[in-house]
Amino acid sequence: MQERRLAAIMFTDIVGYTTLMGEDEDKAFQILRKNRNIHRPLIKKYRGKWLKEMGDGILASFYSSSDAVLCASEIQKVSNREGIPLRIGIHEGEVVFEGGDVLGDGVNVASRLEEHAQEGCINISGAVYRDIKNKPGINAEFIEEKNLKNVDEPIKVYKVKYEGVISEDVVNTIYGQSVRRRKYLPYYFITGLVIVIGVFMIWYNLPKKQAEELEKSIAVLPLDYLSEDQSKQYLADGVMDAITGHLSKIEGLRVTPRTSVEQYRETTKTASVIGEELDVSYLIEGSFLMINNQVRLTIQLVIAKEEDHVLYKEYDKEWSEIFVVQSEVAQAIAKEVAVIITPEVKERIESIPTENLEAYNLYLQGRHFWILEGRDNYDKSIEYYKRALEIDQNFALAYSGMATTYTSYAWDGYLPWGNVMPQLKEAAMKALEIDNTLGEAHAELAFARLLFDWDWAGSEKEFKHALELNPNDARTHNRYAWLLTTVGRLDEAIEEDKRAHELDPLSSVIWVELGRRYYFARDYDKAIEEYQKVLELFPDSWYAHSELALALSQKGLYNEAIEEFLKTDFDPTYYWLFGYIYGVAGKREKALELLNYYLEQIQKGFMWPTTIAFIYIGLGDEERAFEWLEKSYEQRGPWLIHLKVDPMFDSLRSDPRFQDLLERMNFPD
């Protein structure tokens, strides 16, 4: 989504930083950290927005030129005191925010002005000068009119004059108020005691429902990747996933999964906006830099609503110590947000998945390609997992990752379920033989027992175990809802998918799945309402469009259903259900067209016999429908698990053959 507006853009840069990195790396990083700590509170003070960090440069935007200049002046004052040689450029112009990036005239000119500024100075453009020339406390002198690179018109350049004295409020902003705290410490102690007693009394008298609403919530944002070797981005993502995974194991802490946070990679949104969109109290942000085998990891915990940084941790470690670092980060954050880590969870967080770093790197690459999705990426994912296991045969995470990728192969239609299931179950069970505490492996095994074995009790046992081990796994809550749906426990299924949606609010798939629970419960209006909410945020969601069409067809709104269907990018491979919709709508020719396509796909070993049965049901041909349901039964067609609850089967329910099929599948009463 593109947003275009007028803004004052400030670009700052540390003079000679590259040279310093070559001479004294530790000192360079110390200056970089100090530079960040100076910029963040002052940008916030002047209502600015931290846009992004580019090496040793920082880009920020402001609503007014005067705020930008005042902020730059304060930054230079503190930087001079701390011995950080800065150059700053400021320009006001049109800026485009798009896909986490910032583009436009304002950015380009600001960066060029910074390049031509002297050490310790602030250069501004004529556009900025026009806005600030009559502002009290701000003075600037004209330097020259200059042709800047990639700028069409000459730019008038001014140098801002500022006093070198740091005011008390700036000292408090940057350095805190420790002196004042010591002076009034007795009063703070008494006040604090009163507050503690008051909070305790409020907590003690809170109704249970209110107490539940106080659940801690957190999201780990993608780490800023600062290394020059872009091919190693997966290492930073692996650290992010590991911290998320550790926190997800802690009961009482709601953790947003990567599905929802991924869109905030390089975002320009503020912490308060992200917190509101994800419905979380805390955010974790940070950066990752790796030079040779030395890692520099910075982690900051932010109270989202207040945009207040309450914890800052920096680690300079060898990559071989990354498991210890990830564990320490998770435990430090848990302590800060006041959640309790049980001894069992602490042991799991501190466990080391493999002693071989090469195997771990291969595992991270396997996970990276799985997240990218697609047949070729899944092939690469399996390849990397197998290579990891060649090095370490007892690497449980690699087996678990293979099981997850095999599920994706089949679910995305790249391989028949019958071909995939044996490999999926073997990988999941091997992972659990090595480490029975892997929630992901229990969840994959549960899904296999649901879809292919029709082992309702065994599947539920695995799902429950998976959620005990990882109560924050939205994917597992969603799949457990599948099981509860198939056995007719629809109220419970709705609650599970509500929990999945709460954990992963920006996953369009999980949100559509919540709508499907209402659809199976025959509450079509509620299902339609949920699908429409999804489409407000994700207008291109084919899943939402197709399920909305199906719900409309069950209400007899066939024209509206077909109209909704045509809003999608039509691909018969995915939209077999529209053969059913065309059939019940009386569009026999269209239904037969899709039927013939799917008969061809069945011959190739793809698709499920149940899809053919659905089209025959829509056409009113019950004999053929039962013929294909029997084939689906023989081949363990996964869609058959909805036999007990799917409204598309309603026209067959009174037939004794249907009841016989239900009994053979051993559905619980």
# chains A, B, ... in the order shown; residues from 1 in each chain; ligands from 1
call {"tool": "select_by_dssp", "arguments": {"residues": "range 242-414 of chain A", "states": "strand (DSSP E)", "output": "number ranges by chain"}}
result
A: 253-256, 282-291, 294-303, 308-318
call {"tool": "write_last_selection", "arguments": {"atoms": "C-alpha atoms", "output": "short mmCIF file (atom, residue, chain, number, x, y, z; two decimals), in the first residue's frame"}}
result
data_model
loop_
_atom_site.label_atom_id
_atom_site.label_comp_id
_atom_site.auth_asym_id
_atom_site.auth_seq_id
_atom_site.Cartn_x
_atom_site.Cartn_y
_atom_site.Cartn_z
CA LEU A 253 2.31 -14.98 27.82
CA ARG A 254 0.49 -14.54 24.50
CA VAL A 255 3.03 -14.50 21.68
CA THR A 256 2.23 -13.43 18.12
CA TYR A 282 4.97 -5.36 24.22
CA LEU A 283 7.19 -5.44 21.15
CA ILE A 284 10.71 -6.82 20.81
CA GLU A 285 12.89 -5.12 18.24
CA GLY A 286 16.58 -5.35 17.57
CA SER A 287 19.39 -5.87 15.11
CA PHE A 288 21.70 -8.65 14.01
CA LEU A 289 25.22 -8.29 12.67
CA MET A 290 27.63 -11.12 11.88
CA ILE A 291 31.27 -10.66 10.86
CA GLN A 294 31.34 -13.00 15.65
CA VAL A 295 27.72 -11.98 16.30
CA ARG A 296 26.46 -8.67 17.61
CA LEU A 297 22.83 -8.94 18.69
CA THR A 298 20.86 -6.03 20.16
CA ILE A 299 17.43 -6.55 21.69
CA GLN A 300 15.03 -3.90 22.98
CA LEU A 301 11.73 -4.45 24.77
CA VAL A 302 9.17 -1.74 24.04
CA ILE A 303 5.89 -0.94 25.76
CA ASP A 308 8.85 3.38 25.79
CA HIS A 309 11.96 1.18 25.74
CA VAL A 310 12.11 -0.65 29.08
CA LEU A 311 14.89 -3.15 28.39
CA TYR A 312 18.03 -3.00 26.27
CA LYS A 313 20.39 -5.96 25.87
CA GLU A 314 23.46 -6.20 23.68
CA TYR A 315 25.42 -9.38 23.09
CA ASP A 316 28.86 -9.72 21.50
CA LYS A 317 29.34 -13.46 21.16
CA GLU A 318 30.69 -16.16 18.94
#
call {"tool": "closest_atom_pairs", "arguments": {"of": "range 498-594 of chain A", "to": "range 643-662 of chain A", "cutoff": "12 Å", "atoms": "only C-alpha atoms", "output": "Markdown table"}}
result
| residue | atom | partner | partner_atom | distance |
| --- | --- | --- | --- | --- |
| A:Arg516 | CA | A:Asp646 | CA | 9.9 |
| A:Arg517 | CA | A:Val645 | CA | 10.1 |
| A:Tyr518 | CA | A:Asp646 | CA | 11.1 |
| A:Tyr519 | CA | A:Pro647 | CA | 8.2 |
| A:Phe520 | CA | A:Asp646 | CA | 5.7 |
| A:Ala521 | CA | A:Val645 | CA | 7.7 |
| A:Arg522 | CA | A:Pro647 | CA | 7.4 |
| A:Asp523 | CA | A:Pro647 | CA | 10.9 |
| A:Tyr524 | CA | A:Pro647 | CA | 10.5 |
| A:Leu550 | CA | A:Met648 | CA | 9.3 |
| A:Ala551 | CA | A:Pro647 | CA | 9.6 |
| A:Ser553 | CA | A:Met648 | CA | 10.0 |
| A:Gln554 | CA | A:Pro647 | CA | 7.7 |
| A:Lys555 | CA | A:Pro647 | CA | 10.9 |
| A:Leu577 | CA | A:Met648 | CA | 9.8 |
| A:Phe578 | CA | A:Met648 | CA | 11.9 |
| A:Gly579 | CA | A:Met648 | CA | 12.0 |
| A:Tyr580 | CA | A:Met648 | CA | 8.4 |
| A:Ile581 | CA | A:Met648 | CA | 9.8 |
| A:Gly583 | CA | A:Met648 | CA | 11.6 |
| A:Val584 | CA | A:Met648 | CA | 10.1 |
call {"tool": "write_last_selection", "arguments": {"atoms": "N, CA and C atoms", "output": "short mmCIF file (atom, residue, chain, number, x, y, z; two decimals), in the first residue's frame"}}
result
data_model
loop_
_atom_site.label_atom_id
_atom_site.label_comp_id
_atom_site.auth_asym_id
_atom_site.auth_seq_id
_atom_site.Cartn_x
_atom_site.Cartn_y
_atom_site.Cartn_z
N ARG A 516 -15.19 -20.62 8.57
CA ARG A 516 -15.61 -21.98 8.19
C ARG A 516 -16.23 -22.73 9.37
N ARG A 517 -15.80 -22.45 10.58
CA ARG A 517 -16.43 -23.12 11.73
C ARG A 517 -17.91 -22.72 11.81
N TYR A 518 -18.20 -21.43 11.59
CA TYR A 518 -19.59 -20.99 11.60
C TYR A 518 -20.36 -21.60 10.42
N TYR A 519 -19.67 -21.75 9.29
CA TYR A 519 -20.28 -22.37 8.11
C TYR A 519 -20.70 -23.80 8.43
N PHE A 520 -19.80 -24.57 9.05
CA PHE A 520 -20.13 -25.95 9.40
C PHE A 520 -21.25 -26.02 10.43
N ALA A 521 -21.36 -24.99 11.26
CA ALA A 521 -22.43 -24.93 12.27
C ALA A 521 -23.74 -24.43 11.67
N ARG A 522 -23.75 -24.19 10.35
CA ARG A 522 -24.92 -23.69 9.61
C ARG A 522 -25.28 -22.27 9.97
N ASP A 523 -24.39 -21.56 10.62
CA ASP A 523 -24.61 -20.14 10.90
C ASP A 523 -23.98 -19.35 9.74
N TYR A 524 -24.66 -19.38 8.59
CA TYR A 524 -24.09 -18.82 7.37
C TYR A 524 -23.91 -17.30 7.44
N LEU A 550 -19.22 -20.03 -1.28
CA LEU A 550 -19.83 -21.28 -0.83
C LEU A 550 -20.92 -21.01 0.20
N ALA A 551 -20.66 -20.09 1.15
CA ALA A 551 -21.67 -19.76 2.16
C ALA A 551 -22.90 -19.12 1.51
N SER A 553 -23.96 -19.69 -1.47
CA SER A 553 -24.70 -20.73 -2.19
C SER A 553 -25.58 -21.54 -1.24
N GLN A 554 -25.13 -21.74 0.00
CA GLN A 554 -25.94 -22.48 0.97
C GLN A 554 -27.18 -21.69 1.39
N LYS A 555 -27.14 -20.39 1.22
CA LYS A 555 -28.31 -19.55 1.49
C LYS A 555 -29.21 -19.42 0.25
N LEU A 577 -14.60 -26.50 -5.86
CA LEU A 577 -15.89 -26.38 -5.20
C LEU A 577 -16.89 -25.58 -6.03
N PHE A 578 -16.38 -24.85 -7.02
CA PHE A 578 -17.32 -24.10 -7.85
C PHE A 578 -18.02 -24.99 -8.87
N GLY A 579 -17.50 -26.21 -9.06
CA GLY A 579 -18.26 -27.19 -9.81
C GLY A 579 -19.54 -27.50 -9.06
N TYR A 580 -19.42 -27.62 -7.73
CA TYR A 580 -20.60 -27.83 -6.89
C TYR A 580 -21.54 -26.63 -6.96
N ILE A 581 -20.97 -25.41 -6.84
CA ILE A 581 -21.80 -24.20 -6.85
C ILE A 581 -22.53 -24.05 -8.18
N GLY A 583 -23.30 -26.42 -10.12
CA GLY A 583 -24.30 -27.48 -10.20
C GLY A 583 -25.58 -27.11 -9.47
N VAL A 584 -25.47 -26.70 -8.20
CA VAL A 584 -26.68 -26.36 -7.44
C VAL A 584 -27.35 -25.10 -7.98
#
call {"tool": "closest_residue", "arguments": {"among": "A:Gln393, A:Pro422, A:Pro154, A:Pro505", "to": "Arg449 in chain A", "atoms": "only C-alpha atoms"}}
result
A:Pro422
call {"tool": "residues_around", "arguments": {"residues": "Gly83 in chain A", "least_positions_apart": "5", "cutoff": "10 Å", "atoms": "only C-alpha atoms", "output": "short mmCIF file (atom, residue, chain, number, x, y, z; two decimals) with C-alpha atoms, in the first residue's frame"}}
result
data_model
loop_
_atom_site.label_atom_id
_atom_site.label_comp_id
_atom_site.auth_asym_id
_atom_site.auth_seq_id
_atom_site.Cartn_x
_atom_site.Cartn_y
_atom_site.Cartn_z
CA ILE A 31 29.65 4.60 19.06
CA VAL A 78 24.61 15.65 22.73
CA GLY A 120 29.18 18.71 13.63
#
call {"tool": "select_by_dssp", "arguments": {"residues": "range 303-401 of chain A", "states": "alpha helix (DSSP H)", "output": "ChimeraX atom specification"}}
result
/A:322-336,343-350,357-372,375-391,396-401
call {"tool": "residues_around", "arguments": {"residues": "Ser111 in chain A", "least_positions_apart": "3", "cutoff": "6 Å", "atoms": "only C-alpha atoms", "output": "JSON, numbers by chain"}}
result
{"A": [11, 108, 114]}
call {"tool": "closest_residue", "arguments": {"among": "A:Ile617, A:Ile391, A:Val109, A:Leu372", "to": "Glu262 in chain A", "atoms": "only C-alpha atoms"}}
result
A:Leu372
